[in-house]
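Shown below: entry_10.cif, with mmCIF, C-alpha atoms and all ligand atoms.
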data_query
loop_
_atom_site.group_PDB
_atom_site.id
_atom_site.type_symbol
_atom_site.label_atom_id
_atom_site.label_comp_id
_atom_site.auth_asym_id
_atom_site.auth_seq_id
_atom_site.Cartn_x
_atom_site.Cartn_y
_atom_site.Cartn_z
ATOM 1 C CA MET A 1 59.473 183.113 143.986
ATOM 2 C CA CYS A 2 63.049 182.782 142.695
ATOM 3 C CA ILE A 3 65.864 181.383 144.814
ATOM 4 C CA PHE A 4 67.550 184.764 145.327
ATOM 5 C CA CYS A 5 64.246 186.333 146.428
ATOM 6 C CA LYS A 6 63.974 183.491 148.961
ATOM 7 C CA ILE A 7 67.498 184.260 150.190
ATOM 8 C CA ILE A 8 66.643 187.981 150.413
ATOM 9 C CA ASN A 9 63.493 187.063 152.396
ATOM 10 C CA LYS A 10 65.621 184.822 154.696
ATOM 11 C CA GLU A 11 63.606 181.768 153.663
ATOM 12 C CA ILE A 12 66.832 180.094 152.498
ATOM 13 C CA PRO A 13 70.100 180.597 154.381
ATOM 14 C CA ALA A 14 73.155 182.177 152.778
ATOM 15 C CA GLN A 15 76.488 183.504 153.969
ATOM 16 C CA THR A 16 75.829 187.239 154.001
ATOM 17 C CA ILE A 17 78.814 189.456 153.264
ATOM 18 C CA TYR A 18 76.959 192.769 153.263
ATOM 19 C CA GLU A 19 73.414 194.062 153.253
ATOM 20 C CA ASP A 20 71.776 197.460 152.857
ATOM 21 C CA ALA A 21 68.305 198.683 151.921
ATOM 22 C CA ASP A 22 68.722 197.981 148.219
ATOM 23 C CA THR A 23 71.287 195.193 147.871
ATOM 24 C CA LEU A 24 72.510 191.940 149.367
ATOM 25 C CA ALA A 25 75.988 190.453 148.924
ATOM 26 C CA ILE A 26 76.424 186.732 149.641
ATOM 27 C CA ALA A 27 79.120 184.121 149.173
ATOM 28 C CA ASP A 28 78.481 181.960 146.108
ATOM 29 C CA VAL A 29 77.562 178.431 147.217
ATOM 30 C CA ASN A 30 79.652 176.974 144.374
ATOM 31 C CA SER A 31 82.699 179.201 144.641
ATOM 32 C CA GLN A 32 84.831 179.516 141.509
ATOM 33 C CA ALA A 33 87.684 181.463 143.156
ATOM 34 C CA PRO A 34 89.058 182.043 146.678
ATOM 35 C CA LEU A 35 86.732 185.061 146.778
ATOM 36 C CA HIS A 36 83.388 184.671 144.988
ATOM 37 C CA TRP A 37 80.573 187.000 146.014
ATOM 38 C CA LEU A 38 77.195 187.626 144.442
ATOM 39 C CA VAL A 39 75.843 191.183 144.644
ATOM 40 C CA ILE A 40 72.074 191.144 144.209
ATOM 41 C CA PRO A 41 69.436 193.890 144.038
ATOM 42 C CA LYS A 42 66.686 193.243 146.595
ATOM 43 C CA VAL A 43 63.840 194.005 144.202
ATOM 44 C CA HIS A 44 63.436 191.136 141.765
ATOM 45 C CA VAL A 45 64.522 191.872 138.221
ATOM 46 C CA GLU A 46 65.522 189.196 135.758
ATOM 47 C CA ASN A 47 68.638 190.617 134.208
ATOM 48 C CA LEU A 48 70.828 193.614 133.405
ATOM 49 C CA THR A 49 68.734 194.525 130.373
ATOM 50 C CA GLN A 50 65.534 194.720 132.414
ATOM 51 C CA ALA A 51 67.046 196.455 135.450
ATOM 52 C CA ALA A 52 66.293 200.034 136.432
ATOM 53 C CA PRO A 53 69.380 202.286 136.379
ATOM 54 C CA GLU A 54 68.944 202.803 140.146
ATOM 55 C CA GLN A 55 69.258 199.055 140.731
ATOM 56 C CA ILE A 56 72.466 198.891 138.713
ATOM 57 C CA LEU A 57 73.840 201.902 140.571
ATOM 58 C CA ALA A 58 72.967 200.343 143.935
ATOM 59 C CA CYS A 59 74.824 197.163 142.973
ATOM 60 C CA THR A 60 77.923 198.956 141.693
ATOM 61 C CA ARG A 61 77.941 201.127 144.811
ATOM 62 C CA THR A 62 77.913 197.989 146.961
ATOM 63 C CA ILE A 63 80.723 196.503 144.863
ATOM 64 C CA GLN A 64 82.832 199.640 145.397
ATOM 65 C CA HIS A 65 82.034 199.745 149.101
ATOM 66 C CA LEU A 66 82.859 196.080 149.666
ATOM 67 C CA THR A 67 86.036 195.935 147.601
ATOM 68 C CA ARG A 68 87.352 199.096 149.267
ATOM 69 C CA GLU A 69 86.394 197.893 152.748
ATOM 70 C CA LYS A 70 87.935 194.452 152.234
ATOM 71 C CA GLY A 71 90.991 195.774 150.375
ATOM 72 C CA VAL A 72 90.234 193.816 147.215
ATOM 73 C CA ALA A 73 92.116 195.806 144.568
ATOM 74 C CA GLU A 74 92.046 193.253 141.749
ATOM 75 C CA TYR A 75 88.870 191.418 140.890
ATOM 76 C CA ARG A 76 86.509 190.511 138.099
ATOM 77 C CA ALA A 77 82.854 191.637 138.031
ATOM 78 C CA VAL A 78 80.673 189.509 135.765
ATOM 79 C CA VAL A 79 77.001 189.603 134.840
ATOM 80 C CA ASN A 80 75.758 186.643 132.831
ATOM 81 C CA THR A 81 72.650 187.546 130.833
ATOM 82 C CA GLY A 82 70.663 184.698 129.320
ATOM 83 C CA ALA A 83 71.274 180.965 129.181
ATOM 84 C CA ALA A 84 73.832 181.174 126.381
ATOM 85 C CA ALA A 85 75.907 183.518 128.533
ATOM 86 C CA GLY A 86 75.692 181.126 131.496
ATOM 87 C CA GLN A 87 72.856 182.686 133.501
ATOM 88 C CA THR A 88 71.200 180.015 135.652
ATOM 89 C CA VAL A 89 69.355 182.145 138.229
ATOM 90 C CA PRO A 90 66.798 184.534 136.687
ATOM 91 C CA HIS A 91 67.433 187.361 139.174
ATOM 92 C CA LEU A 92 70.115 189.940 138.354
ATOM 93 C CA HIS A 93 73.404 189.353 140.165
ATOM 94 C CA PHE A 94 76.968 190.563 139.785
ATOM 95 C CA HIS A 95 79.625 187.917 140.356
ATOM 96 C CA ILE A 96 82.744 189.286 142.075
ATOM 97 C CA LEU A 97 85.731 186.965 141.697
ATOM 98 C CA ALA A 98 89.202 187.431 143.134
ATOM 99 C CA GLY A 99 92.079 185.704 144.856
ATOM 100 C CA ARG A 100 93.576 183.879 141.889
ATOM 101 C CA ALA A 101 94.735 184.658 138.366
ATOM 102 C CA LEU A 102 91.624 184.749 136.186
ATOM 103 C CA GLY A 103 91.887 183.590 132.587
ATOM 104 C CA TRP A 104 90.687 185.581 129.599
ATOM 105 C CA PRO A 105 88.660 185.070 127.485
ATOM 106 C CA PRO A 106 86.134 183.266 129.687
ATOM 107 C CA GLY A 107 84.831 179.953 128.375
HETATM 108 P P1 LIG B 201 74.619 182.507 137.071
HETATM 109 O O1 LIG B 201 74.967 181.142 136.533
HETATM 110 O O2 LIG B 201 73.119 182.757 136.998
HETATM 111 O O3 LIG B 201 75.420 183.630 136.483
HETATM 112 O O4 LIG B 201 75.043 182.489 138.586
HETATM 113 C C1 LIG B 201 74.247 181.920 139.585
HETATM 114 C C2 LIG B 201 75.156 181.665 140.742
HETATM 115 O O5 LIG B 201 74.353 181.467 141.891
HETATM 116 C C3 LIG B 201 76.030 180.406 140.587
HETATM 117 O O6 LIG B 201 77.391 180.767 140.693
HETATM 118 C C4 LIG B 201 75.570 179.511 141.718
HETATM 119 O O7 LIG B 201 76.624 178.798 142.315
HETATM 120 C C5 LIG B 201 74.935 180.485 142.691
HETATM 121 N N1 LIG B 201 73.856 179.941 143.471
HETATM 122 C C6 LIG B 201 72.807 179.214 143.021
HETATM 123 N N2 LIG B 201 71.995 178.884 144.030
HETATM 124 C C7 LIG B 201 72.545 179.428 145.152
HETATM 125 C C8 LIG B 201 72.158 179.418 146.526
HETATM 126 O O8 LIG B 201 71.142 178.857 146.928
HETATM 127 N N3 LIG B 201 72.972 180.078 147.393
HETATM 128 C C9 LIG B 201 74.106 180.726 146.988
HETATM 129 N N4 LIG B 201 74.840 181.344 147.936
HETATM 130 N N5 LIG B 201 74.494 180.746 145.692
HETATM 131 C C10 LIG B 201 73.730 180.104 144.796
HETATM 132 ZN ZN ZN B 202 64.123 187.043 142.511
#
How does this structure look as structure tokens?
Amino acid sequence: MCIFCKIINKEIPAQTIYEDADTLAIADVNSQAPLHWLVIPKVHVENLTQAAPEQILACTRTIQHLTREKGVAEYRAVVNTGAAAGQTVPHLHFHILAGRALGWPPG
């Protein structure tokens, strides 16, 4: 079972920001900005290419809900797909980064 599935199953602790039937949002353990959340679909899927449209919609809905609720108007949403793009956990997740000026292009 992958590490995010273990977090979803509460086998590994995480700082939960938000949870609903389809998604979990947690604080990234290795935060890269003052605000760094991971928004994760509860059903395991490796990446954005493999995901069902409903899973992507559930994640983007959670991102909208959370950013509105927390008043986060400016942020970056990132999905790394594949090792060359920086993906290290093989379970789809959206990074949400905010709270500092974010450089572009990313490294
Ligand atoms: P990726 O490199 O796959 O795009 O992002 C994986 C992210 O998951 C990294 O930012 C990493 O810090 C985070 N991460 C890895 N393991 C854990 C964990 O056990 N708990 C939490 N909260 N974040 C994790
Ligand atoms: Zn998983």
Next item on the list: Considering all atoms listed in the file, state which residue in the set A:Trp104, A:Gln55, A:Arg61, A:Val43 is at the smallest distance from Lys6 (chain A).
Entry: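 Nearest candidate to Lys6 (chain A) out of A:Trp104, A:Gln55, A:Arg61, A:Val43: A:Val43.
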Notebook entry, point to check: Which residues form the shell of 9 Å around ligand LIG 201 (chain B) when you count all atoms listed in the file, given as a ChimeraX atom specification?
Noted result: /A:3-4,6-7,12-16,26-32,36-38,78-83,85-95
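When CA of Gln64 (chain A) is paired with CA of Ala84 (chain A), their separation reads 28.0 Å.
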If we count only C-alpha atoms and set the cut-off at 12 Å, which residues sit around Leu66 (chain A), ignoring sequence neighbours fewer than 5 positions away in its own chain? Please answer as a PDB file with C-alpha atoms, in the coordinates of the input.
ATOM      1  CA  ILE A  17      78.814 189.456 153.264  1.00  0.00           C
ATOM      2  CA  TYR A  18      76.959 192.769 153.263  1.00  0.00           C
ATOM      3  CA  GLU A  19      73.414 194.062 153.253  1.00  0.00           C
ATOM      4  CA  ASP A  20      71.776 197.460 152.857  1.00  0.00           C
ATOM      5  CA  THR A  23      71.287 195.193 147.871  1.00  0.00           C
ATOM      6  CA  LEU A  24      72.510 191.940 149.367  1.00  0.00           C
ATOM      7  CA  ALA A  25      75.988 190.453 148.924  1.00  0.00           C
ATOM      8  CA  ILE A  26      76.424 186.732 149.641  1.00  0.00           C
ATOM      9  CA  TRP A  37      80.573 187.000 146.014  1.00  0.00           C
ATOM     10  CA  LEU A  38      77.195 187.626 144.442  1.00  0.00           C
ATOM     11  CA  VAL A  39      75.843 191.183 144.644  1.00  0.00           C
ATOM     12  CA  CYS A  59      74.824 197.163 142.973  1.00  0.00           C
ATOM     13  CA  THR A  60      77.923 198.956 141.693  1.00  0.00           C
ATOM     14  CA  ARG A  61      77.941 201.127 144.811  1.00  0.00           C
ATOM     15  CA  GLY A  71      90.991 195.774 150.375  1.00  0.00           C
ATOM     16  CA  VAL A  72      90.234 193.816 147.215  1.00  0.00           C
ATOM     17  CA  ALA A  73      92.116 195.806 144.568  1.00  0.00           C
ATOM     18  CA  TYR A  75      88.870 191.418 140.890  1.00  0.00           C
ATOM     19  CA  ILE A  96      82.744 189.286 142.075  1.00  0.00           C
TER      20      ILE A  96
END
Margin query: One number please: CA of Asn9 (chain A) to CA of Glu46 (chain A), in Å, one decimal.
Written below: 16.9 Å
Margin query: Between CA of Pro41 (chain A) and CA of Glu11 (chain A), what distance in Å does the model show, to one decimal?
Written below: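 Separation of CA of Pro41 (chain A) and CA of Glu11 (chain A): 16.5 Å.
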Note to self: With distances taken over only C-alpha atoms and all ligand atoms, which residue among A:Ile40, A:Ile56, A:Gly103, A:Lys70 lies nearest ligand ZN 202 (chain B)?
What the structure shows: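 Of A:Ile40, A:Ile56, A:Gly103, A:Lys70, the one nearest ligand ZN 202 (chain B) is A:Ile40, counting only C-alpha atoms and all ligand atoms.
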Item checked: Residue nearest Arg76 (chain A) - candidates A:Leu57, A:Ala33, A:Ala51, A:Cys5, atoms counted: all atoms listed in the file ->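 Once distances to Arg76 (chain A) are computed over all atoms listed in the file, the minimum belongs to A:Ala33.
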Where is the centre and how long are the edges: axis-aligned box on region 34-51 of chain A, 8 Å on each side, Å to one decimal, as AutoDock Vina command-line options:
--center_x 76.2 --center_y 189.2 --center_z 138.6 --size_x 41.6 --size_y 30.4 --size_z 32.4
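Using only C-alpha atoms, the smallest distance between any of A:Glu69, A:Lys10, A:Met1, A:Ala101 and His44 (chain A) comes from A:Met1.
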Note to self: Given all atoms listed in the file as the basis, pick out the residue of A:Pro105, A:Cys2, A:Thr67, A:Ala21 nearest to ligand ZN 202 (chain B).
What the structure shows: A:Cys2
